[in-house]
$ cat structure.txt   # compact mmCIF, C-alpha atoms (C1' of nucleotides)
# COMPACT_ATOMS: atom_id res chain seq x y z
CA MET Y 180 7.88 23.86 4.75
CA ALA Y 181 11.23 24.18 6.45
CA GLU Y 182 14.24 22.64 4.82
CA ASN Y 183 15.38 19.37 6.24
CA GLU Y 184 18.93 18.38 5.51
CA TYR Y 185 18.26 14.77 6.46
CA LEU Y 186 15.58 14.15 3.85
CA ARG Y 187 16.46 13.32 0.27
CA ALA Y 188 13.00 13.89 -1.15
CA GLN Y 189 12.04 17.36 -2.31
CA ASP Y 190 10.12 19.66 -0.01
CA SER Y 191 7.15 19.59 -2.35
CA THR Y 192 7.05 15.81 -2.20
CA ILE Y 193 7.34 15.75 1.56
CA LYS Y 194 4.59 18.32 1.82
CA THR Y 195 2.26 16.32 -0.40
CA VAL Y 196 2.99 13.06 1.41
CA LEU Y 197 2.21 14.62 4.78
CA GLU Y 198 -0.89 16.39 3.48
CA GLN Y 199 -2.35 13.29 1.88
CA MET Y 200 -1.68 11.10 4.91
CA PRO Y 201 -4.98 10.38 6.72
CA ALA Y 202 -5.26 10.95 10.45
CA ASP Y 203 -3.55 8.39 12.65
CA GLU Y 204 -6.87 7.14 13.98
CA MET Y 205 -8.12 6.41 10.49
CA LEU Y 206 -4.91 4.58 9.58
CA TYR Y 207 -5.27 2.54 12.72
CA ASP Y 208 -8.91 1.70 11.95
CA LEU Y 209 -7.95 0.70 8.43
CA ALA Y 210 -5.24 -1.64 9.69
CA GLU Y 211 -7.71 -3.10 12.18
CA LEU Y 212 -10.16 -3.81 9.37
CA PHE Y 213 -7.57 -5.62 7.29
CA LYS Y 214 -6.46 -7.53 10.34
CA VAL Y 215 -9.93 -9.06 10.37
CA PHE Y 216 -9.38 -10.38 6.86
CA GLY Y 217 -5.95 -11.59 7.85
CA ASP Y 218 -7.01 -14.93 9.25
CA SER Y 219 -7.85 -17.97 7.17
CA THR Y 220 -10.64 -19.13 9.45
CA ARG Y 221 -12.42 -15.81 9.06
CA ILE Y 222 -11.77 -15.81 5.31
CA LYS Y 223 -13.37 -19.25 5.11
CA ILE Y 224 -16.40 -18.07 7.04
CA LEU Y 225 -16.82 -15.11 4.71
CA TYR Y 226 -16.51 -17.35 1.66
CA ALA Y 227 -19.16 -19.68 3.06
CA LEU Y 228 -21.46 -16.72 3.61
CA PHE Y 229 -20.99 -15.66 -0.01
CA GLU Y 230 -23.47 -18.41 -0.88
CA SER Y 231 -26.10 -17.97 1.79
CA GLU Y 232 -26.79 -17.12 5.37
CA LEU Y 233 -25.77 -19.90 7.72
CA CYS Y 234 -26.19 -20.70 11.38
CA VAL Y 235 -23.21 -21.10 13.69
CA ASN Y 236 -23.20 -24.86 13.88
CA ASP Y 237 -23.46 -25.26 10.12
CA ILE Y 238 -20.52 -22.94 9.66
CA ALA Y 239 -18.51 -24.92 12.19
CA LEU Y 240 -19.37 -28.25 10.59
CA LEU Y 241 -18.86 -27.05 7.02
CA LEU Y 242 -15.45 -25.59 7.79
CA GLY Y 243 -14.33 -28.30 10.17
CA ILE Y 244 -13.85 -26.04 13.16
CA THR Y 245 -15.34 -26.15 16.64
CA GLN Y 246 -18.56 -24.33 17.49
CA THR Y 247 -16.63 -22.21 19.95
CA ALA Y 248 -14.05 -21.15 17.41
CA ALA Y 249 -16.80 -20.27 14.93
CA SER Y 250 -18.62 -18.23 17.54
CA HIS Y 251 -15.50 -16.33 18.55
CA GLN Y 252 -14.63 -15.47 14.97
CA LEU Y 253 -18.19 -14.54 14.07
CA ARG Y 254 -18.06 -12.11 16.94
CA VAL Y 255 -14.94 -10.48 15.49
CA LEU Y 256 -16.60 -10.28 12.08
CA LYS Y 257 -19.75 -8.80 13.60
CA VAL Y 258 -17.97 -6.20 15.70
CA ASN Y 259 -16.25 -5.06 12.53
CA LYS Y 260 -19.56 -4.94 10.67
CA LEU Y 261 -18.59 -7.52 8.09
CA VAL Y 262 -21.43 -9.85 9.01
CA LYS Y 263 -24.82 -9.37 10.58
CA ALA Y 264 -26.93 -11.75 12.63
CA ARG Y 265 -30.58 -12.73 12.48
CA LYS Y 266 -32.19 -14.74 15.23
CA GLU Y 267 -34.75 -17.44 14.48
CA GLY Y 268 -35.70 -19.42 17.53
CA LYS Y 269 -32.58 -20.91 18.94
CA LEU Y 270 -30.72 -20.59 15.68
CA ILE Y 271 -28.73 -17.51 14.77
CA PHE Y 272 -28.18 -16.96 11.09
CA TYR Y 273 -25.18 -14.97 10.01
CA SER Y 274 -24.84 -13.24 6.67
CA LEU Y 275 -22.59 -10.67 5.01
CA SER Y 276 -23.47 -7.12 5.98
CA ASP Y 277 -22.65 -5.49 2.66
CA ASP Y 278 -20.82 -5.93 -0.60
CA HIS Y 279 -17.57 -4.36 0.61
CA VAL Y 280 -16.64 -7.83 1.75
CA TYR Y 281 -16.94 -9.17 -1.80
CA LYS Y 282 -14.99 -6.29 -3.23
CA ILE Y 283 -12.16 -6.39 -0.71
CA ILE Y 284 -11.72 -10.14 -1.03
CA GLY Y 285 -12.03 -9.86 -4.80
CA GLN Y 286 -9.19 -7.36 -4.98
CA GLY Y 287 -7.10 -9.57 -2.74
CA MET Y 288 -7.72 -12.56 -4.97
CA GLU Y 289 -6.71 -10.58 -8.04
CA HIS Y 290 -3.42 -9.76 -6.41
CA ILE Y 291 -2.46 -13.27 -5.40
CA GLU Y 292 -3.63 -14.76 -8.69
CA GLU Y 293 -0.99 -12.87 -10.64
CA MET R 327 -24.51 -35.37 -1.54
CA ALA R 328 -25.35 -37.59 1.42
CA GLU R 329 -27.83 -36.39 3.94
CA ASN R 330 -26.43 -34.95 7.12
CA GLU R 331 -28.74 -34.86 10.08
CA TYR R 332 -26.49 -32.42 11.92
CA LEU R 333 -26.69 -29.66 9.32
CA ARG R 334 -29.63 -27.30 9.17
CA ALA R 335 -28.83 -25.90 5.73
CA GLN R 336 -30.21 -27.65 2.68
CA ASP R 337 -28.07 -30.11 0.80
CA SER R 338 -28.05 -27.86 -2.24
CA THR R 339 -26.71 -24.99 -0.17
CA ILE R 340 -24.05 -27.12 1.45
CA LYS R 341 -23.03 -28.41 -1.94
CA THR R 342 -22.69 -24.92 -3.39
CA VAL R 343 -20.76 -23.62 -0.38
CA LEU R 344 -18.27 -26.45 -0.61
CA GLU R 345 -17.96 -26.16 -4.38
CA GLN R 346 -17.34 -22.44 -4.33
CA MET R 347 -14.80 -22.61 -1.51
CA PRO R 348 -11.30 -22.05 -2.92
CA ALA R 349 -8.52 -24.47 -2.07
CA ASP R 350 -7.09 -24.21 1.41
CA GLU R 351 -3.77 -22.96 0.12
CA MET R 352 -5.41 -20.09 -1.69
CA LEU R 353 -7.43 -19.13 1.36
CA TYR R 354 -4.26 -19.18 3.39
CA ASP R 355 -2.43 -16.99 0.86
CA LEU R 356 -5.32 -14.57 0.82
CA ALA R 357 -5.27 -14.26 4.60
CA GLU R 358 -1.50 -13.75 4.47
CA LEU R 359 -1.96 -10.92 2.01
CA PHE R 360 -4.50 -9.14 4.19
CA LYS R 361 -2.27 -9.65 7.19
CA VAL R 362 0.26 -7.45 5.44
CA PHE R 363 -2.32 -4.65 5.28
CA GLY R 364 -3.22 -5.30 8.88
CA ASP R 365 -0.53 -3.17 10.45
CA SER R 366 -0.69 0.60 10.74
CA THR R 367 3.02 1.07 10.12
CA ARG R 368 2.78 -0.73 6.80
CA ILE R 369 -0.42 1.13 5.92
CA LYS R 370 1.41 4.40 6.57
CA ILE R 371 4.28 3.33 4.35
CA LEU R 372 1.88 2.45 1.54
CA TYR R 373 0.09 5.78 1.89
CA ALA R 374 3.39 7.61 1.71
CA LEU R 375 4.26 5.71 -1.46
CA PHE R 376 0.95 6.76 -3.01
CA GLU R 377 2.59 10.11 -3.67
CA SER R 378 6.01 9.09 -4.92
CA GLU R 379 8.83 6.64 -4.60
CA LEU R 380 10.84 7.20 -1.44
CA CYS R 381 14.08 5.92 0.01
CA VAL R 382 14.21 4.06 3.30
CA ASN R 383 15.49 6.88 5.47
CA ASP R 384 12.94 9.34 4.14
CA ILE R 385 10.16 6.90 4.90
CA ALA R 386 11.49 6.43 8.41
CA LEU R 387 11.80 10.17 9.03
CA LEU R 388 8.46 11.06 7.45
CA LEU R 389 6.59 8.48 9.48
CA GLY R 390 8.54 8.93 12.69
CA ILE R 391 9.78 5.36 12.90
CA THR R 392 13.31 3.98 13.13
CA GLN R 393 15.29 3.06 10.04
CA THR R 394 15.33 -0.54 11.21
CA ALA R 395 11.58 -0.70 11.60
CA ALA R 396 11.10 0.81 8.15
CA SER R 397 13.50 -1.68 6.61
CA HIS R 398 11.85 -4.65 8.27
CA GLN R 399 8.39 -3.60 7.13
CA LEU R 400 9.53 -2.75 3.63
CA ARG R 401 10.87 -6.27 3.43
CA VAL R 402 7.46 -7.66 4.33
CA LEU R 403 5.82 -5.44 1.74
CA LYS R 404 8.36 -6.47 -0.90
CA VAL R 405 8.08 -10.19 -0.23
CA ASN R 406 4.34 -9.85 -0.73
CA LYS R 407 4.87 -7.92 -3.95
CA LEU R 408 3.14 -4.78 -2.74
CA VAL R 409 6.21 -2.62 -3.26
CA LYS R 410 9.22 -2.83 -5.51
CA ALA R 411 12.72 -1.48 -5.03
CA ARG R 412 15.06 0.46 -7.29
CA LYS R 413 18.65 0.99 -6.39
CA GLU R 414 20.43 4.28 -7.08
CA GLY R 415 23.89 4.38 -5.59
CA LYS R 416 23.57 3.85 -1.90
CA LEU R 417 19.93 4.84 -1.89
CA ILE R 418 17.14 2.35 -2.43
CA PHE R 419 13.90 3.79 -3.66
CA TYR R 420 10.70 1.93 -2.90
CA SER R 421 7.47 2.35 -4.80
CA LEU R 422 4.12 0.59 -5.13
CA SER R 423 4.29 -2.46 -7.40
CA ASP R 424 0.84 -2.13 -8.89
CA ASP R 425 -2.56 -0.56 -8.49
CA HIS R 426 -4.02 -3.41 -6.48
CA VAL R 427 -2.65 -1.64 -3.45
CA TYR R 428 -4.73 1.46 -4.23
CA LYS R 429 -7.81 -0.60 -4.86
CA ILE R 430 -7.56 -2.74 -1.77
CA ILE R 431 -6.92 0.21 0.51
CA GLY R 432 -9.64 2.16 -1.26
CA GLN R 433 -12.20 -0.55 -0.58
CA GLY R 434 -11.09 -0.69 3.03
CA MET R 435 -11.51 3.06 3.40
CA GLU R 436 -15.00 2.90 1.93
CA HIS R 437 -15.95 0.37 4.54
CA ILE R 438 -14.72 2.26 7.57
CA GLU R 439 -16.04 5.59 6.32
CA GLU R 440 -19.62 4.39 6.54
C1' DA F 1426 42.34 2.67 2.43
C1' DA F 1427 39.52 4.84 5.83
C1' DA F 1428 35.50 7.23 7.10
C1' DA F 1429 30.80 8.27 6.39
C1' DC F 1430 26.48 7.05 4.87
C1' DA F 1431 22.37 3.96 3.59
C1' DT F 1432 20.19 -0.18 4.16
C1' DA F 1433 19.68 -4.95 5.76
C1' DT F 1434 19.88 -8.70 9.06
C1' DG F 1435 19.69 -11.40 13.39
C1' DT F 1436 18.25 -11.71 18.07
C1' DT F 1437 15.55 -10.68 21.99
C1' DT F 1438 11.46 -9.07 24.15
C1' DA F 1439 6.75 -7.66 24.83
C1' DT F 1440 2.34 -7.85 22.94
C1' DT F 1441 -1.26 -9.66 20.31
C1' DT F 1442 -4.17 -13.22 18.97
C1' DG F 1443 -6.41 -17.80 17.64
C1' DT F 1444 -7.75 -21.95 19.74
C1' DT F 1445 -9.31 -24.92 23.36
C1' DC F 1446 -11.72 -26.09 27.49
C1' DA F 1447 -15.14 -25.23 30.75
C1' DT F 1448 -19.21 -23.05 31.53
C1' DA F 1449 -23.06 -19.72 31.09
C1' DT F 1450 -27.26 -18.09 28.70
C1' DA F 1451 -31.20 -18.78 25.95
C1' DT F 1452 -34.68 -21.35 23.48
C1' DT F 1453 -37.41 -25.40 22.46
C1' DA F 1454 -39.09 -30.05 23.51
C1' DA F 1455 -40.68 -33.62 26.58
C1' DT N 533 -39.79 -28.32 35.25
C1' DT N 534 -36.28 -31.04 33.28
C1' DA N 535 -33.67 -32.25 29.38
C1' DA N 536 -31.79 -31.17 25.08
C1' DT N 537 -30.10 -28.06 21.77
C1' DA N 538 -27.79 -23.69 20.01
C1' DT N 539 -24.86 -20.08 20.84
C1' DA N 540 -21.90 -17.09 23.65
C1' DT N 541 -18.47 -16.03 27.08
C1' DG N 542 -14.27 -16.17 29.93
C1' DA N 543 -9.81 -17.87 31.07
C1' DA N 544 -5.56 -20.20 29.93
C1' DC N 545 -2.14 -21.36 26.69
C1' DA N 546 0.69 -21.41 22.60
C1' DA N 547 2.01 -19.30 18.40
C1' DA N 548 2.82 -15.24 15.70
C1' DT N 549 4.76 -10.77 15.30
C1' DA N 550 6.26 -5.77 15.59
C1' DA N 551 9.76 -3.04 17.62
C1' DA N 552 14.28 -2.24 19.48
C1' DC N 553 19.09 -2.98 19.72
C1' DA N 554 23.38 -4.33 17.98
C1' DT N 555 25.76 -5.21 14.04
C1' DA N 556 26.76 -6.53 9.22
C1' DT N 557 26.83 -5.41 4.24
C1' DG N 558 27.34 -2.39 0.54
C1' DT N 559 28.31 2.22 -1.58
C1' DT N 560 30.38 6.69 -2.01
C1' DT N 561 33.63 10.23 -0.64
C1' DT N 562 37.91 11.93 0.93

$ encode --input "structure.txt" --output "structure tokens"
Amino acid sequence: MAENEYLRAQDSTIKTVLEQMPADEMLYDLAELFKVFGDSTRIKILYALFESELCVNDIALLLGITQTAASHQLRVLKVNKLVKARKEGKLIFYSLSDDHVYKIIGQGMEHIEE
Amino acid sequence: MAENEYLRAQDSTIKTVLEQMPADEMLYDLAELFKVFGDSTRIKILYALFESELCVNDIALLLGITQTAASHQLRVLKVNKLVKARKEGKLIFYSLSDDHVYKIIGQGMEHIEE
DNA sequence: AAAACATATGTTTATTTGTTCATATATTAA
DNA sequence: TTAATATATGAACAAATAAACATATGTTTT
């Protein structure tokens, strides 16, 4: 690595930092994922789904939000593969897609509970 | 729990969902925390700090952002206790405050790598 | 003390985003 | 088929926010 008079860190450090840095696209995707968790309405929906699958209207009523708002946010969660949908007649039941959701939220809780 | 003709879910389910739901303030704090991770600039900064503590200018130069942008985002990270600062003369070295950062980002990576 | 350097702060601007309202689609019931 | 119910979609609006620019604060060097 070429010397850089503007950097204080050692060349070896700079090299390691740059080498370990994931590709821009991955960093962007990661930020996008966390953005999904960065809204209290969506967090509430996920918490509700911790207990059981629920249909859209139940989610809306349980959380005190409109059906439209629930639907919009469920779409965001679904696009990002945090929830999955199951159709039963005119009802659509949403549930968590996998246990990453638990783990990510769990880690977040640990941090704020300090 | 009183019966609710508008809800499809069973009373027992509704009861459990409502019981397990954390207080609104906690849900809000949790969303705020994830919001911090929900920006690629901040994610890049955190990744850089995985390797070693770094001063503001080095972070800016390494990531190709302005000093001002780095400072603003480091402030956000510091307020949310994800990084801590150490002063050495006119340099201020930032580093990760604890290993929750690793864990949270790690879980996020697992999810998107599927 | 003055100059140079490192970081922080305040303001403005452009973009993103969550919600609401109106409406469309789809399924079941009458 | 019409009405009722459940969910989704699209557009408009308001709030949040990241970046840029100018500048202030604090530290070291000369």

$ residues_around --input "structure.txt" --residues "Asp277 (chain Y)" --least-positions-apart "4" --cutoff "9 Å" --atoms "all atoms listed in the file" --output "list in words"
Lys260, Leu261, Val262 and Tyr281 of chain Y

$ write_last_selection --input "structure.txt" --atoms "C-alpha atoms" --output "PDB file, in the frame of the given file"
ATOM      1  CA  LYS Y 260     -19.560  -4.940  10.670  1.00  0.00           C
ATOM      2  CA  LEU Y 261     -18.590  -7.520   8.090  1.00  0.00           C
ATOM      3  CA  VAL Y 262     -21.430  -9.850   9.010  1.00  0.00           C
ATOM      4  CA  TYR Y 281     -16.940  -9.170  -1.800  1.00  0.00           C
TER       5      TYR Y 281
END

$ closest_atom_pairs --input "structure.txt" --of "chain R" --to "chain F" --cutoff "8 Å" --atoms "only C-alpha atoms (C1' of nucleotides)" --output "CSV"
residue,atom,partner,partner_atom,distance
R:Val382,CA,F:DT1432,C1',7.4
R:Asn383,CA,F:DA1431,C1',7.7
R:Ser397,CA,F:DA1433,C1',7.0
R:Lys416,CA,F:DA1431,C1',5.6
R:Leu417,CA,F:DA1431,C1',6.1
R:Ile418,CA,F:DT1432,C1',7.7

$ axis_aligned_box --input "structure.txt" --around "region 397-410 of chain R" --padding-each-side "3 Å" --output "JSON"
{"center_x": 8.3, "center_y": -5.9, "center_z": 1.4, "size_x": 16.4, "size_y": 14.5, "size_z": 19.8}

$ interface_residues --input "structure.txt" --of "chain N" --to "chain Y" --cutoff "8 Å" --atoms "all atoms listed in the file" --output "VMD selection string"
chain N and resid 538 to 540

$ residues_around --input "structure.txt" --residues "Phe363 (chain R)" --least-positions-apart "3" --cutoff "10 Å" --atoms "all atoms listed in the file" --output "list in words"
Leu209, Ala210, Glu211, Leu212, Phe213, Lys214, Phe216 and Gly217 of chain Y; Glu358, Leu359, Phe360, Ser366, Thr367, Arg368, Ile369, Lys370, Leu372, Leu403, Leu408, Val427, Ile430, Ile431 and Gly434 of chain R

$ residues_around --input "structure.txt" --residues "Ser231 (chain Y)" --least-positions-apart "3" --cutoff "10 Å" --atoms "all atoms listed in the file" --output "PDB file with C-alpha atoms, in the frame of the given file"
ATOM      1  CA  TYR Y 226     -16.510 -17.350   1.660  1.00  0.00           C
ATOM      2  CA  ALA Y 227     -19.160 -19.680   3.060  1.00  0.00           C
ATOM      3  CA  LEU Y 228     -21.460 -16.720   3.610  1.00  0.00           C
ATOM      4  CA  CYS Y 234     -26.190 -20.700  11.380  1.00  0.00           C
ATOM      5  CA  PHE Y 272     -28.180 -16.960  11.090  1.00  0.00           C
ATOM      6  CA  TYR Y 273     -25.180 -14.970  10.010  1.00  0.00           C
ATOM      7  CA  SER Y 274     -24.840 -13.240   6.670  1.00  0.00           C
ATOM      8  CA  LEU Y 275     -22.590 -10.670   5.010  1.00  0.00           C
TER       9      LEU Y 275
ATOM     10  CA  ALA R 335     -28.830 -25.900   5.730  1.00  0.00           C
ATOM     11  CA  THR R 339     -26.710 -24.990  -0.170  1.00  0.00           C
ATOM     12  CA  ILE R 340     -24.050 -27.120   1.450  1.00  0.00           C
ATOM     13  CA  THR R 342     -22.690 -24.920  -3.390  1.00  0.00           C
ATOM     14  CA  VAL R 343     -20.760 -23.620  -0.380  1.00  0.00           C
TER      15      VAL R 343
END

$ atom_distance --input "structure.txt" --atom1 "CA of Tyr354 (chain R)" --atom2 "CA of Asp218 (chain Y)"
7.7 Å

$ closest_residue --input "structure.txt" --among "R:Met347, R:Ile371, R:Leu353, R:Val402" --to "DT549 (chain N)" --atoms "all atoms listed in the file"
R:Val402

$ closest_residue --input "structure.txt" --among "R:Leu400, R:Lys410, R:Asp337, R:Ile438" --to "chain Y" --atoms "only C-alpha atoms"
R:Ile438

$ atom_distance --input "structure.txt" --atom1 "CA of Glu439 (chain R)" --atom2 "CA of His426 (chain R)"
19.7 Å
